[in-house]
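*Asks:* Below is one structure. I have some questions about it.
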Amino acid sequence: MSDRPIQRLSPAERRRLLPRPTFDDALPVVQQRDRIAKAIQNHQVIILCGETGSGKTTQLPKICLEIGRGVDGLIGHTQPRRIAARSVAVRIAHELQSAIGHVVGYKVRFSDHVTPNCYIKLMTDGILLAETQSDPLLRQYDTLIIDEAHERSLNIDFLIGYLNQLLPKRPDLKLIITSATIDPQRFSRHFSNAPVLEVSGRTYPVETRYRPLTSGDPEEEELQMPDAILAAVDEVAACGPGDVLIFLPGERDIRDVAELLRKHHPPQTQILPLYARLNFDEQMQVFQTSPQRRIVLATNVAETSVTVPGIRYVIDPGLARMSRYAARTKVQRLPIEKISRASANQRAGRCGRTGPGVCVRLYSEDDFARREEFTQPEILRTNLAAVILQMAALRLGEVSQFPFMDPPDPRLVRDGYATLHELGAIDENNALTPTGYKLARLPVDPRIGRMVLAAVDEDCLVEVLIIAAALSVQDPRERPLDKADSADSHHQRFKDDQSDFISYLKLWDYYHDRAQHLSHNQLRKLCKAEFLSYVRLREWHEVHHQLRQIVAEIALPRQRRRHRARPERSGAPRR
C-alpha cells in the first residue's frame, strides 16, 4: 500500500459510501439475517451461537454493514489466530468486491493493512487487547465481534472481562460474541443475561470410526501413531474422492508425517501443511481447490479458527499441545495432552461441510467417553504475572475483583504477584513501579522484559535484545529424528561450551551475514539445507526489531553497537 497519508472521511461521507453487501441465501446465518439484525439494533450485547458451517464469521460483519454499523467507528472483528484473521479478511473483502485495505483491512503482529477509511477491521484478540492501553474506551470502534469465544484463551477471557466493565461507559458500542454450540449461557449470564441466538450449521452426517492403537489383546503389539495415520489414510482413500484433514499436535509432527506420506506415495495426492508459522502464501495453498486429492496436516488452528474447503475425511489422533504452568517449578510447559470431547466433536464436524463425511479417531470409544467435556480455560492453567502486570498498567484493580468468567486459582494469583515483586515491577501495595510501567510496554514475558531493562545498567543491551527475542520464539534450529546427526553437525558451529546464550548470538550473526549476501530464495534454501527454520529466524528478527522500537520509545539510553552486529533491516534481508 502507498505510504502517503490517507485523509479520514467524515461520518456523512462514510455513510454515503457505505458498501451494500450481497448475501448467499443458502447460509443458515443469512436465512436468519433479519432476526440477527433486529437483535443487534435492540440490544447492546448479543451471543450468537452457531455450529461450524453456519457462516457466522464471514456474514456477521456484512449484516452489521447493512444496518449502518461501521460509520461512526470501525467494525472490529477478532480471531484467536493470525492465519484466521488474514484469511477471513481476504474472504470478506472478496465478497464485498474490494481490495484488502479499502473496505476491509486486517492487523496482526508485524503486519498492518488497515487504512483510516476501512469499515471492517480483522485482528487477533491480542491486538485488540493491546489497543486498550492507548485507547481505553476503544473509541475507534462502534461495533465489536469477538469470534470463536468458546476457545477461552487468556486473551479472550481478559477481553470479555474488560468489555464487561467498558460497556456501561460506551452505551453506543455494540458487542457480538460468537461461539460454537459450547455452553453459550455462560457468556449470556456474564453480560446480564444477554440474548442468545442459535443458528444451525450447514452440516451433513459424519460417520465416526474408532481405530485405537491397541486392540486390547496383550499379545498384540501396540501400533505406533505414524503407522496408524498411514493406515487411516489408506482406509479413507478407499471410501471415495474428497480431501483429508489430519490433526497433529505441532510443527515437528506435521513435518515427520508429511515425509512419511510422501514416501508412502498416495496416488495423485498433494501433501499440504497448515500451522501458524507458515508464511502467508504457504498458508493460502490449503484454501485453493485442486483436481488432486489433498491431505492437509494441521494443528488445532483448523479445529475452529479456519475452514479448509473440500474436506470429506478427518483423521484425529485426539491430541494437542496445551500450555500449562507449574507454580512450584515456575515453568510454563507445552505438554501434549488428550483433547476434550467438545474439541473432538469440533474436529469431526470439519468433514461434514460439503457432503457426508468420515472421521477416524485413533483412540477407543471408551477413551472418548472418559475425556473432559470441555477444554479447561487457559486462565486456569497459565502464569498470571503478565496478566496482573497488564491489569495494573490499565488500572483495572485487583485480579480477585476483575469480572473473569472463571476466576483463576488463588495460588496462581499469589504466584503471579510474587513473580512481579521479585522483578521489582510492583511495590508492597501491589502498585506499579517505574520499572513495572516499562515492563508493561514490552511484548514479552515480564521475566524476559526485566532482562532487557537490566541490560541497560550492565551495558549489554544490544546482546540481550537478541537473546530476549530468541527466548520469545521457538528455537529456529531444527533436528528431525531421522537426520539428527546431520543437524547436530550443522549446528555445531553455533555451540559455546560456557553459554547457550552465546550460541544464540553466533546464530544471529551467521544468519544476518548470509542474509546480506543472498537473495530470499537462496537464503531459504540455505536454511533448509542447514536445518534452520527460515520462518522462525524471520520471526526472531521481527520480534527483535519490535523490541528495539519499544526500548527507544520508553527513553532508555542509546544502545551501543556490538562488534560484528549487522545493520537492522526491515522486511527484505537483502538491500
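Here's how to read the names in the C-alpha cells: chain A, B, ... by the order shown, residue numbers from 1 in each chain, ligand numbers from 1 in the order shown.
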Can you check which residues of range 37-145 of chain A DSSP gives as alpha helix (DSSP H) on the backbone and send them as a PyMOL selection string?
*Replies:* chain A and resi 37-42+56-66+82-95+125-134
*Asks:* Could you please take those selected residues and save N, CA and C atoms as a compact mmCIF listing (two decimals), in the first residue's frame?
*Replies:*
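Result went into selection.txt, see below:
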# COMPACT_ATOMS: atom_id res chain seq x y z
N ALA A 37 -30.19 -9.01 12.70
CA ALA A 37 -30.07 -7.55 12.57
C ALA A 37 -30.93 -6.84 13.62
N LYS A 38 -32.15 -7.34 13.83
CA LYS A 38 -33.04 -6.71 14.81
C LYS A 38 -32.48 -6.85 16.22
N ALA A 39 -31.87 -8.01 16.52
CA ALA A 39 -31.28 -8.22 17.85
C ALA A 39 -30.11 -7.27 18.08
N ILE A 40 -29.28 -7.07 17.05
CA ILE A 40 -28.15 -6.15 17.18
C ILE A 40 -28.65 -4.73 17.43
N GLN A 41 -29.71 -4.33 16.73
CA GLN A 41 -30.25 -2.97 16.89
C GLN A 41 -30.89 -2.76 18.25
N ASN A 42 -31.50 -3.81 18.82
CA ASN A 42 -32.27 -3.67 20.05
C ASN A 42 -31.49 -3.96 21.32
N LYS A 56 -21.33 -17.67 10.28
CA LYS A 56 -21.34 -16.55 11.22
C LYS A 56 -20.09 -15.67 11.08
N THR A 57 -18.95 -16.26 10.84
CA THR A 57 -17.71 -15.48 10.81
C THR A 57 -17.68 -14.49 9.65
N THR A 58 -18.09 -14.91 8.47
CA THR A 58 -18.00 -14.03 7.29
C THR A 58 -19.23 -13.15 7.11
N GLN A 59 -20.39 -13.60 7.58
CA GLN A 59 -21.62 -12.86 7.27
C GLN A 59 -21.99 -11.82 8.33
N LEU A 60 -21.58 -12.04 9.59
CA LEU A 60 -21.93 -11.08 10.65
C LEU A 60 -21.44 -9.66 10.35
N PRO A 61 -20.17 -9.47 9.94
CA PRO A 61 -19.74 -8.10 9.63
C PRO A 61 -20.57 -7.47 8.51
N LYS A 62 -20.99 -8.28 7.53
CA LYS A 62 -21.79 -7.76 6.43
C LYS A 62 -23.19 -7.37 6.91
N ILE A 63 -23.75 -8.14 7.84
CA ILE A 63 -25.04 -7.79 8.41
C ILE A 63 -24.92 -6.47 9.18
N CYS A 64 -23.80 -6.31 9.89
CA CYS A 64 -23.57 -5.05 10.61
C CYS A 64 -23.49 -3.87 9.64
N LEU A 65 -22.80 -4.06 8.52
CA LEU A 65 -22.73 -3.01 7.50
C LEU A 65 -24.13 -2.66 6.99
N GLU A 66 -24.94 -3.69 6.77
CA GLU A 66 -26.26 -3.49 6.18
C GLU A 66 -27.15 -2.61 7.07
N ARG A 82 -3.58 -15.53 13.91
CA ARG A 82 -3.22 -14.64 12.79
C ARG A 82 -3.72 -15.19 11.46
N ILE A 83 -3.53 -16.49 11.24
CA ILE A 83 -3.91 -17.08 9.95
C ILE A 83 -5.41 -16.90 9.71
N ALA A 84 -6.22 -17.01 10.78
CA ALA A 84 -7.67 -16.84 10.64
C ALA A 84 -8.01 -15.38 10.34
N ALA A 85 -7.35 -14.45 11.03
CA ALA A 85 -7.63 -13.02 10.80
C ALA A 85 -7.35 -12.65 9.34
N ARG A 86 -6.23 -13.12 8.80
CA ARG A 86 -5.88 -12.81 7.41
C ARG A 86 -6.85 -13.46 6.43
N SER A 87 -7.11 -14.75 6.61
CA SER A 87 -7.94 -15.47 5.64
C SER A 87 -9.39 -14.96 5.66
N VAL A 88 -9.91 -14.64 6.85
CA VAL A 88 -11.28 -14.13 6.93
C VAL A 88 -11.36 -12.74 6.28
N ALA A 89 -10.34 -11.91 6.50
CA ALA A 89 -10.32 -10.58 5.88
C ALA A 89 -10.33 -10.70 4.35
N VAL A 90 -9.51 -11.60 3.82
CA VAL A 90 -9.46 -11.81 2.37
C VAL A 90 -10.82 -12.28 1.85
N ARG A 91 -11.47 -13.19 2.58
CA ARG A 91 -12.76 -13.73 2.15
C ARG A 91 -13.84 -12.64 2.15
N ILE A 92 -13.92 -11.85 3.23
CA ILE A 92 -14.95 -10.81 3.29
C ILE A 92 -14.71 -9.74 2.24
N ALA A 93 -13.43 -9.35 2.07
CA ALA A 93 -13.11 -8.35 1.04
C ALA A 93 -13.53 -8.85 -0.34
N HIS A 94 -13.28 -10.13 -0.62
CA HIS A 94 -13.67 -10.71 -1.91
C HIS A 94 -15.19 -10.64 -2.07
N GLU A 95 -15.94 -10.97 -1.01
CA GLU A 95 -17.40 -10.95 -1.10
C GLU A 95 -17.94 -9.53 -1.26
N ASP A 125 -7.24 -11.32 18.80
CA ASP A 125 -7.73 -10.77 20.06
C ASP A 125 -6.60 -10.11 20.85
N GLY A 126 -5.36 -10.57 20.62
CA GLY A 126 -4.21 -9.94 21.28
C GLY A 126 -3.99 -8.51 20.82
N ILE A 127 -4.26 -8.23 19.54
CA ILE A 127 -4.14 -6.87 19.02
C ILE A 127 -5.15 -5.96 19.70
N LEU A 128 -6.42 -6.40 19.80
CA LEU A 128 -7.44 -5.58 20.45
C LEU A 128 -7.10 -5.35 21.92
N LEU A 129 -6.58 -6.37 22.56
CA LEU A 129 -6.20 -6.24 23.96
C LEU A 129 -5.08 -5.21 24.12
N ALA A 130 -4.12 -5.23 23.21
CA ALA A 130 -3.02 -4.26 23.27
C ALA A 130 -3.52 -2.84 23.04
N GLU A 131 -4.56 -2.69 22.21
CA GLU A 131 -5.09 -1.35 21.91
C GLU A 131 -5.79 -0.71 23.10
N THR A 132 -6.17 -1.53 24.08
CA THR A 132 -6.81 -0.95 25.26
C THR A 132 -5.86 -0.06 26.05
N GLN A 133 -4.54 -0.23 25.84
CA GLN A 133 -3.57 0.61 26.54
C GLN A 133 -3.59 2.04 26.01
N SER A 134 -3.64 2.20 24.70
CA SER A 134 -3.62 3.54 24.11
C SER A 134 -5.02 4.11 23.91
*Asks:* Range 191-198 of chain A: which residues within 6 Å, counting only C-alpha atoms, same-chain residues fewer than 6 positions away excluded, as a count of residues only?
*Replies:* 6
*Asks:* Which parts of range 208-436 of chain A does DSSP call strand (DSSP E or B) when run on the backbone here, written out as number ranges by chain?
*Replies:* A: 208-210, 243-247, 269-274, 293-298, 311-316, 319-321, 324-326, 331-333, 336-338, 357-361, 426, 432
*Asks:* What does the distance from CA of Glu337 in chain A to CA of Asn300 in chain A come to in Å, to one decimal?
*Replies:* 12.5 Å
*Asks:* Residues at most 9 Å from Leu384 in chain A, counting only C-alpha atoms, excluding those fewer than 6 positions away in the same chain, as JSON, numbers by chain?
*Replies:* {"A": [408, 412, 413, 414, 415, 416, 417]}
*Asks:* Go through A:Ser489, A:Thr208, A:Gln32, A:Gln332 one by one, measure the shortest atom-to-atom distance of each to Ser364 in chain A using only C-alpha atoms, and give the residue with the smallest value.
*Replies:*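 For Ser364 in chain A, the nearest of the candidates is A:Thr208.
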*Asks:* Find the residues around range 310-312 of chain A up to 6 Å (only C-alpha atoms counted), leave out those fewer than 5 positions away in its own chain, and share them as number ranges by chain.
*Replies:* A: 242-244, 351, 357
*Asks:* Figure out the distance between CA of Val535 in chain A and CA of Asp281 in chain A, please, to one decimal in Å.
*Replies:*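 Computing the Euclidean distance for CA of Asp281 in chain A and CA of Val535 in chain A yields 12.3 Å.
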*Asks:* Figure out the distance between CA of Asp147 in chain A and CA of Thr307 in chain A, please, to one decimal in Å.
*Replies:*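 For CA of Thr307 in chain A relative to CA of Asp147 in chain A, the distance reads 13.8 Å.
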*Asks:* I'd like the neighbourhood of Tyr119 in chain A as a PyMOL selection string, where a residue qualifies if any of its atoms comes within 8 Å (using only C-alpha atoms), though same-chain residues fewer than 5 positions away should be ignored.
*Replies:* chain A and resi 70-71+73-75+103-104
*Asks:* Put those residues in a file: all heavy atoms, as a PDB file, in the first residue's frame.
*Replies:*
ATOM      1  N   GLY A  70     -20.394   0.634  11.501  1.00  0.00           N
ATOM      2  CA  GLY A  70     -19.146   0.884  10.789  1.00  0.00           C
ATOM      3  C   GLY A  70     -19.002   2.302  10.291  1.00  0.00           C
ATOM      4  O   GLY A  70     -17.973   2.645   9.694  1.00  0.00           O
ATOM      5  N   VAL A  71     -20.004   3.161  10.534  1.00  0.00           N
ATOM      6  CA  VAL A  71     -19.954   4.558  10.073  1.00  0.00           C
ATOM      7  C   VAL A  71     -19.249   5.438  11.103  1.00  0.00           C
ATOM      8  O   VAL A  71     -18.305   6.165  10.799  1.00  0.00           O
ATOM      9  CB  VAL A  71     -21.371   5.087   9.785  1.00  0.00           C
ATOM     10  CG1 VAL A  71     -21.321   6.592   9.488  1.00  0.00           C
ATOM     11  CG2 VAL A  71     -21.985   4.347   8.611  1.00  0.00           C
ATOM     12  N   GLY A  73     -17.533   4.410  13.634  1.00  0.00           N
ATOM     13  CA  GLY A  73     -16.298   3.758  14.054  1.00  0.00           C
ATOM     14  C   GLY A  73     -16.177   2.448  13.303  1.00  0.00           C
ATOM     15  O   GLY A  73     -17.082   2.044  12.555  1.00  0.00           O
ATOM     16  N   LEU A  74     -15.074   1.775  13.475  1.00  0.00           N
ATOM     17  CA  LEU A  74     -14.847   0.516  12.781  1.00  0.00           C
ATOM     18  C   LEU A  74     -15.706  -0.608  13.343  1.00  0.00           C
ATOM     19  O   LEU A  74     -16.095  -0.589  14.511  1.00  0.00           O
ATOM     20  CB  LEU A  74     -13.377   0.110  12.916  1.00  0.00           C
ATOM     21  CG  LEU A  74     -12.340   0.915  12.141  1.00  0.00           C
ATOM     22  CD1 LEU A  74     -10.954   0.676  12.725  1.00  0.00           C
ATOM     23  CD2 LEU A  74     -12.363   0.537  10.672  1.00  0.00           C
ATOM     24  N   ILE A  75     -15.980  -1.594  12.507  1.00  0.00           N
ATOM     25  CA  ILE A  75     -16.497  -2.876  12.972  1.00  0.00           C
ATOM     26  C   ILE A  75     -15.269  -3.740  13.264  1.00  0.00           C
ATOM     27  O   ILE A  75     -14.600  -4.216  12.342  1.00  0.00           O
ATOM     28  CB  ILE A  75     -17.394  -3.546  11.914  1.00  0.00           C
ATOM     29  CG1 ILE A  75     -18.607  -2.664  11.610  1.00  0.00           C
ATOM     30  CG2 ILE A  75     -17.833  -4.934  12.377  1.00  0.00           C
ATOM     31  CD1 ILE A  75     -19.401  -3.117  10.392  1.00  0.00           C
ATOM     32  N   VAL A 103     -12.265  -1.454   1.958  1.00  0.00           N
ATOM     33  CA  VAL A 103     -13.420  -1.638   2.845  1.00  0.00           C
ATOM     34  C   VAL A 103     -13.039  -2.497   4.051  1.00  0.00           C
ATOM     35  O   VAL A 103     -13.451  -2.247   5.176  1.00  0.00           O
ATOM     36  CB  VAL A 103     -14.587  -2.286   2.075  1.00  0.00           C
ATOM     37  CG1 VAL A 103     -15.741  -2.636   3.021  1.00  0.00           C
ATOM     38  CG2 VAL A 103     -15.074  -1.359   0.979  1.00  0.00           C
ATOM     39  N   VAL A 104     -12.227  -3.510   3.799  1.00  0.00           N
ATOM     40  CA  VAL A 104     -11.831  -4.462   4.838  1.00  0.00           C
ATOM     41  C   VAL A 104     -10.309  -4.439   4.984  1.00  0.00           C
ATOM     42  O   VAL A 104      -9.583  -4.492   3.982  1.00  0.00           O
ATOM     43  CB  VAL A 104     -12.284  -5.899   4.484  1.00  0.00           C
ATOM     44  CG1 VAL A 104     -11.950  -6.863   5.618  1.00  0.00           C
ATOM     45  CG2 VAL A 104     -13.767  -5.929   4.175  1.00  0.00           C
TER      46      VAL A 104
END
